[in-house]
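All remarks here apply to the structure that follows.
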Amino acid sequence: MTISELRTDPISGRQVLIAEDRAGRPSDFAAQELGRGEQTECPFCAGHECLTPEALFEFAGASGEWQVRVVPNKYPAVSMEQQSSLQPRTSALGATAQPPEGVHEVFIESPRHVQDITELSSVELALVLRAYRERLRFWSTDECVQHATIFKNVGVAAGASLEHVHSQLLALPNIPPMLAAEMESSQRYYADKKVCVFCQLIEEELTHRQRLVVDAGSFVAFCAYAGRQPFETWILPRKHSARFDHLSDEDTVALAEILQQIVGRLQAQLSPLSYNLILHTAPFSQRHVASYHWHFELVPRSTTLAGFEWGTGMFINPLSPERAAGRLCVE
Ligand SMILES: [Zn+2]
Ligand SMILES: [Zn+2]
Ligand SMILES: [Zn+2]
């Protein structure tokens with residue numbers, strides 16, 4: 001029997017999803033590394049719909065065929081269905097194990113076999129962003145989940161198993177630790193100063209312009225002050241907004257353009273480019289509406305996490321965010 005559970009380490013408090021079922025995932029990259037040559041059938045290409053679970057949501061393009069397709073992850077890290085089989089337990093040491101409850105979905109971002117968002121038109125990418133919004137809206141009314149993270153892994157160094165352009169949503173009954181830390185800190189700042197810390201950060205980055213990458217009306221992008229990897233870039237709406245699911249249609253197009261622009265510039269700096277794009281948005285409750293500000297964190301994966309990072313949770317970044325921004329701004 002395979003083991004699937006959410007474990008909490010009794011000493012560090014670290015949370016880990018044990019998900020043995022995911023070991024059976026198909027991988028384009030494993031096949032390539034083994035030199036098997038010919039690509040196996042891509043489950044995300046148009047015409048191969050029978051290789052994925054039934055769609056939960058679709059956007060049709062002008063031709064009437066699907067343009068963006070959302071399906072349950074065939075190899076989920078979390079699931080609502082396993083709840084009854086495992087009882088939560090706590091060891092004498094205080095280690096806990098719970099059923100890995102949650103929702104794990106995949107966004108197939110194009111019917112064509114393309115590998116990155118720069119190969120989509122901005123209208124096509126805007127439709128993907130609208131699909132993110134629709135799925136977040138859908139889960140926001142479900143009492144079983146408190147928060148959802150949307151993320152994209154591009155390239156084998158970023159953890160992708162399939163190359164066809166896609167992203168994932170993971171909705172959980174709890175707020176993951178990194179998000180909880182951001183919520184807490186921004187709430188503390190708000191309680192003290194009565195303003196959103198992210199709004200202040202945007203003002204500061206726009207004033208000093210040392211790390212600014214794009215200033216495009218509704219959205220701003222800059223290299224993160226304490227970026228974990230070279231070129232880590234944050235993209236934020238200029239106007240305060242805690243939740244991505246409140247985004248307007250108009251803004252999805254502007255956001256698609258800025259995302260493509262940044263990924264294009266990163267491709268010019270790092271080849272081949274592997275990256276993670278992570279959407280941080282407030283939990284579905286109204287608690288963080290004034291203090292939190294949704295954003296994308298785009299983390300290129302050009303260096304490997306090594307012993308120091310694994311052993312301490314601290315990162316070593318060999319390129320200053322100021323120099324990285326300078327390189328991204330060179331047209
Ligand atoms: Zn494909
Ligand atoms: Zn704000
Ligand atoms: Zn964040």
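The chains in the structure tokens are called A, B, ... from first to last as shown; in each chain the residues are counted from 1, and the ligands are counted from 1 in the order shown.
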
Can you list every residue of chain A that has an atom at most 9 Å from ligand 1, with its nearest atom pair and the distance in Å to one decimal, using only C-alpha atoms and all ligand atoms, ordered by chain then number, as a tab-separated table?
residue	atom	partner	partner_atom_place_in_ligand_line	distance
A:Glu41	CA	ligand 1	1 (Zn)	7.8
A:Cys42	CA	ligand 1	1 (Zn)	4.5
A:Pro43	CA	ligand 1	1 (Zn)	6.4
A:Phe44	CA	ligand 1	1 (Zn)	4.7
A:Cys45	CA	ligand 1	1 (Zn)	3.8
A:Ala46	CA	ligand 1	1 (Zn)	7.5
A:His48	CA	ligand 1	1 (Zn)	8.6
A:Ser110	CA	ligand 1	1 (Zn)	8.5
A:Pro111	CA	ligand 1	1 (Zn)	7.3
A:Arg112	CA	ligand 1	1 (Zn)	6.2
A:His113	CA	ligand 1	1 (Zn)	3.8
A:Val114	CA	ligand 1	1 (Zn)	6.9
A:Gln115	CA	ligand 1	1 (Zn)	8.4
A:Leu162	CA	ligand 1	1 (Zn)	8.4
A:Glu163	CA	ligand 1	1 (Zn)	7.4
A:His164	CA	ligand 1	1 (Zn)	4.6
A:Val165	CA	ligand 1	1 (Zn)	7.7

Store the residues of this selection in a file with N, CA, C and O atoms, as an mmCIF file, in the first residue's frame.
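File produced: result_34.cif:
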data_model
loop_
_atom_site.group_PDB
_atom_site.id
_atom_site.type_symbol
_atom_site.label_atom_id
_atom_site.label_comp_id
_atom_site.auth_asym_id
_atom_site.auth_seq_id
_atom_site.Cartn_x
_atom_site.Cartn_y
_atom_site.Cartn_z
ATOM 1 N N GLU A 41 3.541 9.840 -26.201
ATOM 2 C CA GLU A 41 2.331 10.622 -26.449
ATOM 3 C C GLU A 41 2.113 11.646 -25.352
ATOM 4 O O GLU A 41 2.067 11.286 -24.180
ATOM 5 N N CYS A 42 1.970 12.903 -25.731
ATOM 6 C CA CYS A 42 1.787 13.951 -24.727
ATOM 7 C C CYS A 42 0.323 13.980 -24.291
ATOM 8 O O CYS A 42 -0.565 14.210 -25.105
ATOM 9 N N PRO A 43 0.058 13.786 -22.990
ATOM 10 C CA PRO A 43 -1.336 13.742 -22.528
ATOM 11 C C PRO A 43 -2.044 15.093 -22.591
ATOM 12 O O PRO A 43 -3.268 15.153 -22.469
ATOM 13 N N PHE A 44 -1.259 16.187 -22.781
ATOM 14 C CA PHE A 44 -1.873 17.519 -22.755
ATOM 15 C C PHE A 44 -2.207 18.057 -24.155
ATOM 16 O O PHE A 44 -2.852 19.095 -24.273
ATOM 17 N N CYS A 45 -1.741 17.384 -25.206
ATOM 18 C CA CYS A 45 -2.015 17.884 -26.554
ATOM 19 C C CYS A 45 -3.470 17.641 -26.956
ATOM 20 O O CYS A 45 -4.083 16.657 -26.524
ATOM 21 N N ALA A 46 -4.016 18.540 -27.791
ATOM 22 C CA ALA A 46 -5.369 18.356 -28.324
ATOM 23 C C ALA A 46 -5.443 17.008 -29.019
ATOM 24 O O ALA A 46 -4.488 16.592 -29.688
ATOM 25 N N HIS A 48 -5.638 14.217 -27.360
ATOM 26 C CA HIS A 48 -5.238 13.201 -26.377
ATOM 27 C C HIS A 48 -6.026 13.358 -25.069
ATOM 28 O O HIS A 48 -5.547 12.941 -24.016
ATOM 29 N N SER A 110 -2.552 25.383 -23.406
ATOM 30 C CA SER A 110 -2.716 25.489 -24.856
ATOM 31 C C SER A 110 -2.997 24.110 -25.423
ATOM 32 O O SER A 110 -2.474 23.116 -24.912
ATOM 33 N N PRO A 111 -3.790 24.030 -26.488
ATOM 34 C CA PRO A 111 -3.965 22.728 -27.151
ATOM 35 C C PRO A 111 -2.736 22.344 -27.960
ATOM 36 O O PRO A 111 -2.552 21.189 -28.315
ATOM 37 N N ARG A 112 -1.868 23.329 -28.235
ATOM 38 C CA ARG A 112 -0.654 23.079 -29.018
ATOM 39 C C ARG A 112 0.495 22.661 -28.097
ATOM 40 O O ARG A 112 0.572 23.108 -26.957
ATOM 41 N N HIS A 113 1.410 21.874 -28.638
ATOM 42 C CA HIS A 113 2.533 21.417 -27.823
ATOM 43 C C HIS A 113 3.625 22.487 -27.788
ATOM 44 O O HIS A 113 4.629 22.392 -28.480
ATOM 45 N N VAL A 114 3.404 23.511 -26.974
ATOM 46 C CA VAL A 114 4.423 24.539 -26.796
ATOM 47 C C VAL A 114 4.926 24.450 -25.360
ATOM 48 O O VAL A 114 4.250 23.901 -24.491
ATOM 49 N N GLN A 115 6.122 25.018 -25.142
ATOM 50 C CA GLN A 115 6.765 24.761 -23.848
ATOM 51 C C GLN A 115 6.791 25.942 -22.889
ATOM 52 O O GLN A 115 7.078 25.777 -21.718
ATOM 53 N N LEU A 162 6.441 17.287 -17.265
ATOM 54 C CA LEU A 162 5.984 17.330 -18.655
ATOM 55 C C LEU A 162 6.337 18.689 -19.242
ATOM 56 O O LEU A 162 6.248 19.706 -18.556
ATOM 57 N N GLU A 163 6.714 18.725 -20.511
ATOM 58 C CA GLU A 163 7.156 20.006 -21.085
ATOM 59 C C GLU A 163 6.002 20.837 -21.650
ATOM 60 O O GLU A 163 6.121 22.049 -21.777
ATOM 61 N N HIS A 164 4.881 20.226 -21.996
ATOM 62 C CA HIS A 164 3.729 20.955 -22.555
ATOM 63 C C HIS A 164 3.303 22.050 -21.554
ATOM 64 O O HIS A 164 3.121 21.771 -20.372
ATOM 65 N N VAL A 165 3.133 23.260 -22.052
ATOM 66 C CA VAL A 165 2.884 24.418 -21.178
ATOM 67 C C VAL A 165 1.665 24.168 -20.255
ATOM 68 O O VAL A 165 0.567 23.885 -20.720
#

Within 12 Å of ligand 2 (counting only C-alpha atoms and all ligand atoms), which residues show up? I'd like them as an mmCIF file with all heavy atoms, in the first residue's frame.
data_model
loop_
_atom_site.group_PDB
_atom_site.id
_atom_site.type_symbol
_atom_site.label_atom_id
_atom_site.label_comp_id
_atom_site.auth_asym_id
_atom_site.auth_seq_id
_atom_site.Cartn_x
_atom_site.Cartn_y
_atom_site.Cartn_z
ATOM 1 N N SER A 186 2.558 40.970 7.207
ATOM 2 C CA SER A 186 1.875 42.113 6.594
ATOM 3 C C SER A 186 0.742 42.613 7.495
ATOM 4 O O SER A 186 0.438 43.805 7.521
ATOM 5 C CB SER A 186 1.363 41.768 5.190
ATOM 6 O OG SER A 186 0.612 40.596 5.203
ATOM 7 N N GLN A 187 0.164 41.691 8.255
ATOM 8 C CA GLN A 187 -0.906 42.116 9.166
ATOM 9 C C GLN A 187 -0.343 42.953 10.319
ATOM 10 O O GLN A 187 -0.936 43.954 10.724
ATOM 11 C CB GLN A 187 -1.602 40.877 9.721
ATOM 12 C CG GLN A 187 -3.054 41.134 10.043
ATOM 13 C CD GLN A 187 -3.814 39.840 10.186
ATOM 14 O OE1 GLN A 187 -3.264 38.818 10.580
ATOM 15 N NE2 GLN A 187 -5.089 39.867 9.859
ATOM 16 N N TYR A 189 2.330 44.790 10.154
ATOM 17 C CA TYR A 189 2.709 46.089 9.585
ATOM 18 C C TYR A 189 1.468 46.971 9.458
ATOM 19 O O TYR A 189 1.484 48.152 9.796
ATOM 20 C CB TYR A 189 3.355 45.876 8.211
ATOM 21 C CG TYR A 189 3.999 47.116 7.644
ATOM 22 C CD1 TYR A 189 5.350 47.387 7.878
ATOM 23 C CD2 TYR A 189 3.269 48.020 6.863
ATOM 24 C CE1 TYR A 189 5.959 48.513 7.362
ATOM 25 C CE2 TYR A 189 3.875 49.152 6.344
ATOM 26 C CZ TYR A 189 5.217 49.395 6.588
ATOM 27 O OH TYR A 189 5.814 50.521 6.079
ATOM 28 N N TYR A 190 0.385 46.355 8.995
ATOM 29 C CA TYR A 190 -0.856 47.108 8.806
ATOM 30 C C TYR A 190 -1.398 47.610 10.151
ATOM 31 O O TYR A 190 -1.852 48.755 10.260
ATOM 32 C CB TYR A 190 -1.897 46.240 8.094
ATOM 33 C CG TYR A 190 -3.119 47.018 7.702
ATOM 34 C CD1 TYR A 190 -3.146 47.770 6.526
ATOM 35 C CD2 TYR A 190 -4.243 47.045 8.522
ATOM 36 C CE1 TYR A 190 -4.256 48.518 6.178
ATOM 37 C CE2 TYR A 190 -5.358 47.791 8.185
ATOM 38 C CZ TYR A 190 -5.358 48.523 7.010
ATOM 39 O OH TYR A 190 -6.452 49.267 6.671
ATOM 40 N N LYS A 194 -1.147 51.245 9.452
ATOM 41 C CA LYS A 194 -2.424 51.455 8.736
ATOM 42 C C LYS A 194 -2.264 51.528 7.210
ATOM 43 O O LYS A 194 -3.061 52.152 6.514
ATOM 44 C CB LYS A 194 -3.156 52.719 9.228
ATOM 45 C CG LYS A 194 -3.496 52.695 10.704
ATOM 46 C CD LYS A 194 -4.645 51.765 10.998
ATOM 47 C CE LYS A 194 -4.884 51.519 12.479
ATOM 48 N NZ LYS A 194 -4.014 50.517 13.110
ATOM 49 N N VAL A 195 -1.207 50.975 6.703
ATOM 50 C CA VAL A 195 -1.031 50.857 5.241
ATOM 51 C C VAL A 195 -0.504 49.463 4.918
ATOM 52 O O VAL A 195 0.084 48.786 5.762
ATOM 53 C CB VAL A 195 -0.031 51.886 4.644
ATOM 54 C CG1 VAL A 195 -0.639 53.240 4.459
ATOM 55 C CG2 VAL A 195 1.238 51.952 5.477
ATOM 56 N N CYS A 196 -0.701 49.058 3.667
ATOM 57 C CA CYS A 196 -0.232 47.756 3.214
ATOM 58 C C CYS A 196 1.270 47.819 2.950
ATOM 59 O O CYS A 196 1.755 48.716 2.258
ATOM 60 C CB CYS A 196 -1.003 47.378 1.951
ATOM 61 S SG CYS A 196 -0.200 46.143 0.932
ATOM 62 N N VAL A 197 1.999 46.862 3.473
ATOM 63 C CA VAL A 197 3.459 46.868 3.332
ATOM 64 C C VAL A 197 3.877 46.698 1.868
ATOM 65 O O VAL A 197 4.880 47.269 1.417
ATOM 66 C CB VAL A 197 4.109 45.797 4.259
ATOM 67 C CG1 VAL A 197 3.728 44.387 3.851
ATOM 68 C CG2 VAL A 197 5.620 45.942 4.301
ATOM 69 N N PHE A 198 3.079 45.951 1.101
ATOM 70 C CA PHE A 198 3.412 45.750 -0.317
ATOM 71 C C PHE A 198 3.211 47.063 -1.100
ATOM 72 O O PHE A 198 3.998 47.381 -1.987
ATOM 73 C CB PHE A 198 2.560 44.636 -0.926
ATOM 74 C CG PHE A 198 2.884 43.258 -0.394
ATOM 75 C CD1 PHE A 198 2.200 42.745 0.690
ATOM 76 C CD2 PHE A 198 3.869 42.490 -0.985
ATOM 77 C CE1 PHE A 198 2.489 41.476 1.179
ATOM 78 C CE2 PHE A 198 4.173 41.222 -0.505
ATOM 79 C CZ PHE A 198 3.475 40.707 0.585
ATOM 80 N N CYS A 199 2.145 47.805 -0.784
ATOM 81 C CA CYS A 199 1.926 49.108 -1.436
ATOM 82 C C CYS A 199 3.117 50.030 -1.147
ATOM 83 O O CYS A 199 3.601 50.730 -2.038
ATOM 84 C CB CYS A 199 0.629 49.749 -0.940
ATOM 85 S SG CYS A 199 -0.877 49.009 -1.604
ATOM 86 N N GLN A 200 3.610 49.977 0.085
ATOM 87 C CA GLN A 200 4.772 50.794 0.462
ATOM 88 C C GLN A 200 6.009 50.364 -0.310
ATOM 89 O O GLN A 200 6.792 51.187 -0.767
ATOM 90 C CB GLN A 200 5.053 50.641 1.970
ATOM 91 C CG GLN A 200 3.984 51.218 2.849
ATOM 92 C CD GLN A 200 4.103 52.725 2.941
ATOM 93 O OE1 GLN A 200 3.422 53.424 2.197
ATOM 94 N NE2 GLN A 200 4.944 53.227 3.812
ATOM 95 N N LEU A 201 6.148 49.038 -0.434
ATOM 96 C CA LEU A 201 7.301 48.485 -1.149
ATOM 97 C C LEU A 201 7.288 48.934 -2.611
ATOM 98 O O LEU A 201 8.326 49.329 -3.162
ATOM 99 C CB LEU A 201 7.239 46.953 -1.048
ATOM 100 C CG LEU A 201 8.309 46.134 -1.764
ATOM 101 C CD1 LEU A 201 9.682 46.415 -1.170
ATOM 102 C CD2 LEU A 201 7.997 44.634 -1.642
ATOM 103 N N ILE A 202 6.114 48.917 -3.226
ATOM 104 C CA ILE A 202 5.997 49.360 -4.621
ATOM 105 C C ILE A 202 6.431 50.820 -4.743
ATOM 106 O O ILE A 202 7.217 51.181 -5.618
ATOM 107 C CB ILE A 202 4.546 49.164 -5.135
ATOM 108 C CG1 ILE A 202 4.224 47.674 -5.241
ATOM 109 C CG2 ILE A 202 4.332 49.861 -6.482
ATOM 110 C CD1 ILE A 202 2.752 47.362 -5.477
ATOM 111 N N GLU A 203 5.932 51.649 -3.828
ATOM 112 C CA GLU A 203 6.314 53.070 -3.847
ATOM 113 C C GLU A 203 7.819 53.227 -3.762
ATOM 114 O O GLU A 203 8.433 53.998 -4.506
ATOM 115 C CB GLU A 203 5.660 53.804 -2.660
ATOM 116 C CG GLU A 203 4.181 54.106 -2.844
ATOM 117 C CD GLU A 203 3.875 54.690 -4.214
ATOM 118 O OE1 GLU A 203 4.555 55.661 -4.599
ATOM 119 O OE2 GLU A 203 2.972 54.162 -4.906
ATOM 120 N N LEU A 236 3.586 42.665 -9.246
ATOM 121 C CA LEU A 236 2.454 43.040 -8.379
ATOM 122 C C LEU A 236 1.517 44.018 -9.080
ATOM 123 O O LEU A 236 1.961 44.837 -9.894
ATOM 124 C CB LEU A 236 2.941 43.749 -7.105
ATOM 125 C CG LEU A 236 3.920 43.052 -6.184
ATOM 126 C CD1 LEU A 236 5.343 43.341 -6.595
ATOM 127 C CD2 LEU A 236 3.704 43.506 -4.743
ATOM 128 N N PRO A 237 0.219 43.954 -8.734
ATOM 129 C CA PRO A 237 -0.676 45.001 -9.225
ATOM 130 C C PRO A 237 -0.355 46.292 -8.489
ATOM 131 O O PRO A 237 -0.082 46.279 -7.289
ATOM 132 C CB PRO A 237 -2.071 44.490 -8.832
ATOM 133 C CG PRO A 237 -1.835 43.592 -7.666
ATOM 134 C CD PRO A 237 -0.459 42.998 -7.842
ATOM 135 N N ARG A 238 -0.358 47.388 -9.227
ATOM 136 C CA ARG A 238 0.024 48.661 -8.617
ATOM 137 C C ARG A 238 -1.030 49.118 -7.610
ATOM 138 O O ARG A 238 -0.728 49.701 -6.584
ATOM 139 C CB ARG A 238 0.164 49.690 -9.726
ATOM 140 C CG ARG A 238 0.945 50.848 -9.295
ATOM 141 C CD ARG A 238 1.572 51.481 -10.483
ATOM 142 N NE ARG A 238 2.176 52.707 -10.055
ATOM 143 C CZ ARG A 238 2.900 53.470 -10.823
ATOM 144 N NH1 ARG A 238 3.106 53.119 -12.066
ATOM 145 N NH2 ARG A 238 3.410 54.576 -10.378
ATOM 146 N N LYS A 239 -2.282 48.822 -7.936
ATOM 147 C CA LYS A 239 -3.371 49.197 -7.043
ATOM 148 C C LYS A 239 -3.576 48.089 -6.020
ATOM 149 O O LYS A 239 -3.523 46.906 -6.383
ATOM 150 C CB LYS A 239 -4.651 49.392 -7.879
ATOM 151 C CG LYS A 239 -5.462 50.598 -7.459
ATOM 152 C CD LYS A 239 -6.600 50.846 -8.421
ATOM 153 C CE LYS A 239 -7.866 50.240 -7.838
ATOM 154 N NZ LYS A 239 -8.903 49.982 -8.808
ATOM 155 N N HIS A 240 -3.822 48.466 -4.795
ATOM 156 C CA HIS A 240 -3.950 47.452 -3.753
ATOM 157 C C HIS A 240 -5.027 46.418 -4.048
ATOM 158 O O HIS A 240 -6.162 46.769 -4.371
ATOM 159 C CB HIS A 240 -4.248 48.113 -2.394
ATOM 160 C CG HIS A 240 -4.361 47.110 -1.305
ATOM 161 N ND1 HIS A 240 -3.261 46.520 -0.730
ATOM 162 C CD2 HIS A 240 -5.447 46.506 -0.746
ATOM 163 C CE1 HIS A 240 -3.663 45.625 0.153
ATOM 164 N NE2 HIS A 240 -4.989 45.601 0.164
ATOM 165 N N SER A 241 -4.676 45.154 -3.930
ATOM 166 C CA SER A 241 -5.646 44.068 -4.090
ATOM 167 C C SER A 241 -5.095 42.821 -3.413
ATOM 168 O O SER A 241 -3.964 42.415 -3.674
ATOM 169 C CB SER A 241 -5.866 43.796 -5.590
ATOM 170 O OG SER A 241 -6.661 42.644 -5.746
ATOM 171 N N ALA A 242 -5.865 42.248 -2.514
ATOM 172 C CA ALA A 242 -5.366 41.097 -1.744
ATOM 173 C C ALA A 242 -5.544 39.789 -2.491
ATOM 174 O O ALA A 242 -4.785 38.853 -2.313
ATOM 175 C CB ALA A 242 -6.081 41.025 -0.398
ATOM 176 N N ARG A 243 -6.586 39.748 -3.334
ATOM 177 C CA ARG A 243 -6.917 38.448 -3.946
ATOM 178 C C ARG A 243 -6.896 38.496 -5.456
ATOM 179 O O ARG A 243 -7.545 39.323 -6.076
ATOM 180 C CB ARG A 243 -8.281 37.998 -3.428
ATOM 181 C CG ARG A 243 -8.158 37.430 -2.023
ATOM 182 C CD ARG A 243 -9.474 37.146 -1.399
ATOM 183 N NE ARG A 243 -10.356 36.357 -2.263
ATOM 184 C CZ ARG A 243 -11.538 35.904 -1.878
ATOM 185 N NH1 ARG A 243 -11.958 36.150 -0.649
ATOM 186 N NH2 ARG A 243 -12.287 35.217 -2.711
ATOM 187 N N THR A 281 -1.596 34.642 -3.141
ATOM 188 C CA THR A 281 -2.838 35.405 -3.011
ATOM 189 C C THR A 281 -3.410 35.144 -1.625
ATOM 190 O O THR A 281 -3.084 34.130 -0.995
ATOM 191 C CB THR A 281 -3.821 35.025 -4.156
ATOM 192 O OG1 THR A 281 -5.050 35.731 -3.999
ATOM 193 C CG2 THR A 281 -4.104 33.535 -4.212
ATOM 194 N N ALA A 282 -4.224 36.060 -1.119
ATOM 195 C CA ALA A 282 -4.716 35.954 0.260
ATOM 196 C C ALA A 282 -5.630 34.740 0.411
ATOM 197 O O ALA A 282 -6.231 34.280 -0.556
ATOM 198 C CB ALA A 282 -5.453 37.229 0.638
ATOM 199 N N HIS A 288 -7.569 39.175 5.458
ATOM 200 C CA HIS A 288 -6.319 39.814 5.030
ATOM 201 C C HIS A 288 -6.511 40.831 3.898
ATOM 202 O O HIS A 288 -5.551 41.237 3.265
ATOM 203 C CB HIS A 288 -5.323 38.739 4.608
ATOM 204 C CG HIS A 288 -5.062 37.736 5.688
ATOM 205 N ND1 HIS A 288 -4.144 37.944 6.691
ATOM 206 C CD2 HIS A 288 -5.645 36.538 5.954
ATOM 207 C CE1 HIS A 288 -4.152 36.912 7.513
ATOM 208 N NE2 HIS A 288 -5.051 36.047 7.091
ATOM 209 N N VAL A 289 -7.759 41.213 3.656
ATOM 210 C CA VAL A 289 -8.078 42.057 2.509
ATOM 211 C C VAL A 289 -7.342 43.401 2.526
ATOM 212 O O VAL A 289 -6.876 43.871 1.499
ATOM 213 C CB VAL A 289 -9.621 42.247 2.415
ATOM 214 C CG1 VAL A 289 -9.978 43.391 1.500
ATOM 215 C CG2 VAL A 289 -10.252 40.959 1.914
ATOM 216 N N ALA A 290 -7.202 43.998 3.702
ATOM 217 C CA ALA A 290 -6.531 45.304 3.766
ATOM 218 C C ALA A 290 -5.018 45.173 3.851
ATOM 219 O O ALA A 290 -4.282 46.022 3.341
ATOM 220 C CB ALA A 290 -7.058 46.088 4.972
ATOM 221 N N SER A 291 -4.531 44.107 4.466
ATOM 222 C CA SER A 291 -3.097 44.041 4.769
ATOM 223 C C SER A 291 -2.268 43.272 3.755
ATOM 224 O O SER A 291 -1.059 43.459 3.670
ATOM 225 C CB SER A 291 -2.888 43.424 6.153
ATOM 226 O OG SER A 291 -3.518 42.149 6.218
ATOM 227 N N TYR A 292 -2.897 42.395 2.969
ATOM 228 C CA TYR A 292 -2.123 41.570 2.049
ATOM 229 C C TYR A 292 -2.303 42.059 0.623
ATOM 230 O O TYR A 292 -3.288 42.728 0.303
ATOM 231 C CB TYR A 292 -2.528 40.089 2.185
ATOM 232 C CG TYR A 292 -1.510 39.152 1.565
ATOM 233 C CD1 TYR A 292 -0.234 39.029 2.098
ATOM 234 C CD2 TYR A 292 -1.818 38.410 0.416
ATOM 235 C CE1 TYR A 292 0.709 38.193 1.521
ATOM 236 C CE2 TYR A 292 -0.883 37.567 -0.163
ATOM 237 C CZ TYR A 292 0.386 37.466 0.397
ATOM 238 O OH TYR A 292 1.318 36.640 -0.189
ATOM 239 N N HIS A 293 -1.377 41.710 -0.253
ATOM 240 C CA HIS A 293 -1.362 42.236 -1.618
ATOM 241 C C HIS A 293 -0.880 41.086 -2.495
ATOM 242 O O HIS A 293 0.238 40.595 -2.316
ATOM 243 C CB HIS A 293 -0.360 43.400 -1.628
ATOM 244 C CG HIS A 293 -0.409 44.315 -2.794
ATOM 245 N ND1 HIS A 293 -0.625 45.670 -2.685
ATOM 246 C CD2 HIS A 293 -0.230 44.086 -4.113
ATOM 247 C CE1 HIS A 293 -0.569 46.230 -3.881
ATOM 248 N NE2 HIS A 293 -0.337 45.289 -4.772
ATOM 249 N N TRP A 294 -1.715 40.620 -3.401
ATOM 250 C CA TRP A 294 -1.320 39.432 -4.177
ATOM 251 C C TRP A 294 -0.139 39.761 -5.081
ATOM 252 O O TRP A 294 0.065 40.902 -5.481
ATOM 253 C CB TRP A 294 -2.490 38.834 -4.954
ATOM 254 C CG TRP A 294 -2.979 39.575 -6.179
ATOM 255 C CD1 TRP A 294 -4.094 40.356 -6.261
ATOM 256 C CD2 TRP A 294 -2.391 39.573 -7.493
ATOM 257 N NE1 TRP A 294 -4.222 40.847 -7.536
ATOM 258 C CE2 TRP A 294 -3.195 40.386 -8.311
ATOM 259 C CE3 TRP A 294 -1.264 38.975 -8.049
ATOM 260 C CZ2 TRP A 294 -2.919 40.606 -9.661
ATOM 261 C CZ3 TRP A 294 -0.974 39.194 -9.391
ATOM 262 C CH2 TRP A 294 -1.805 40.008 -10.182
ATOM 263 N N HIS A 295 0.639 38.747 -5.411
ATOM 264 C CA HIS A 295 1.801 38.946 -6.289
ATOM 265 C C HIS A 295 2.262 37.622 -6.865
ATOM 266 O O HIS A 295 1.955 36.560 -6.343
ATOM 267 C CB HIS A 295 2.950 39.596 -5.508
ATOM 268 C CG HIS A 295 3.343 38.850 -4.265
ATOM 269 N ND1 HIS A 295 2.668 39.002 -3.074
ATOM 270 C CD2 HIS A 295 4.311 37.929 -4.023
ATOM 271 C CE1 HIS A 295 3.217 38.221 -2.162
ATOM 272 N NE2 HIS A 295 4.203 37.538 -2.715
#

- Residue neighbourhood Asp116 in chain A, 12 Å, only C-alpha atoms, exclusion window fewer than 2 positions, as a ChimeraX atom specification: /A:108-110,112-114,118-121,125,152-155,160,162-167,259-260,263-264,267,272-277

At a cut-off of 7 Å around ligand 3, and using only C-alpha atoms and all ligand atoms, what residues come up? Please write them as a compact mmCIF listing (two decimals) with C-alpha atoms, in the first residue's frame.
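Generated file (part_4.txt):
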# COMPACT_ATOMS: atom_id res chain seq x y z
CA LEU A 179 2.12 32.14 3.16
CA GLU A 182 3.71 36.64 4.84
CA HIS A 280 0.72 34.30 -3.68
CA HIS A 295 1.80 38.95 -6.29
CA GLU A 297 7.13 35.41 -7.48

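Counting from CA of Thr52 in chain A, the distance to CA of Ala131 in chain A is 17.8 Å.
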
- Using the chain letters and numbers from this document, which residues of range 72-157 of chain A does DSSP assign to alpha helix (DSSP H), as a PyMOL selection string? chain A and resi 122-140

- range 204-211 of chain A environment, 6 Å, only C-alpha atoms, sequence neighbours closer than 3 positions dropped, as a PyMOL selection string: chain A and resi 201+222-223+322+325

- Query: Could you pull the residues within 12 Å of Gly61 in chain A, counting only C-alpha atoms, minus those fewer than 4 positions along the same chain, as a PyMOL selection string?
  - Reply: chain A and resi 65-69+109-111+123-128

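Shortest separation to Ile3 in chain A among A:Gln98, A:Ser140, A:Ser27, A:Thr149 occurs at residue A:Gln98, atoms counted being only C-alpha atoms.
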
- Item | Residues flagged strand (DSSP E) by DSSP in range 28-275 of chain A, as a PyMOL selection string | chain A and resi 57-60+66-72+89-90+96-98+103-108+147-154+166-172+212-216+219-223+233-237+275

- Could you tell me how far CA of Thr312 in chain A lies from CA of Gln15 in chain A, in Å and to one decimal?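 CA of Gln15 in chain A lies at a distance of 15.8 Å from CA of Thr312 in chain A.
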
- Message: Which residues are near Ala254 in chain A? Cut-off 9 Å, only C-alpha atoms, ignore same chain within fewer than 2 positions. Put them as JSON, numbers by chain.
- Response: {"A": [122, 126, 216, 217, 218, 219, 250, 251, 252, 256, 257, 258, 259]}

- Message: Here is a test: counting only C-alpha atoms, which residue of A:Ala55, A:Val103, A:Ala62, A:Ala92 is nearest to Pro76 in chain A?
- Response: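 Nearest candidate to Pro76 in chain A out of A:Ala55, A:Val103, A:Ala62, A:Ala92: A:Val103.
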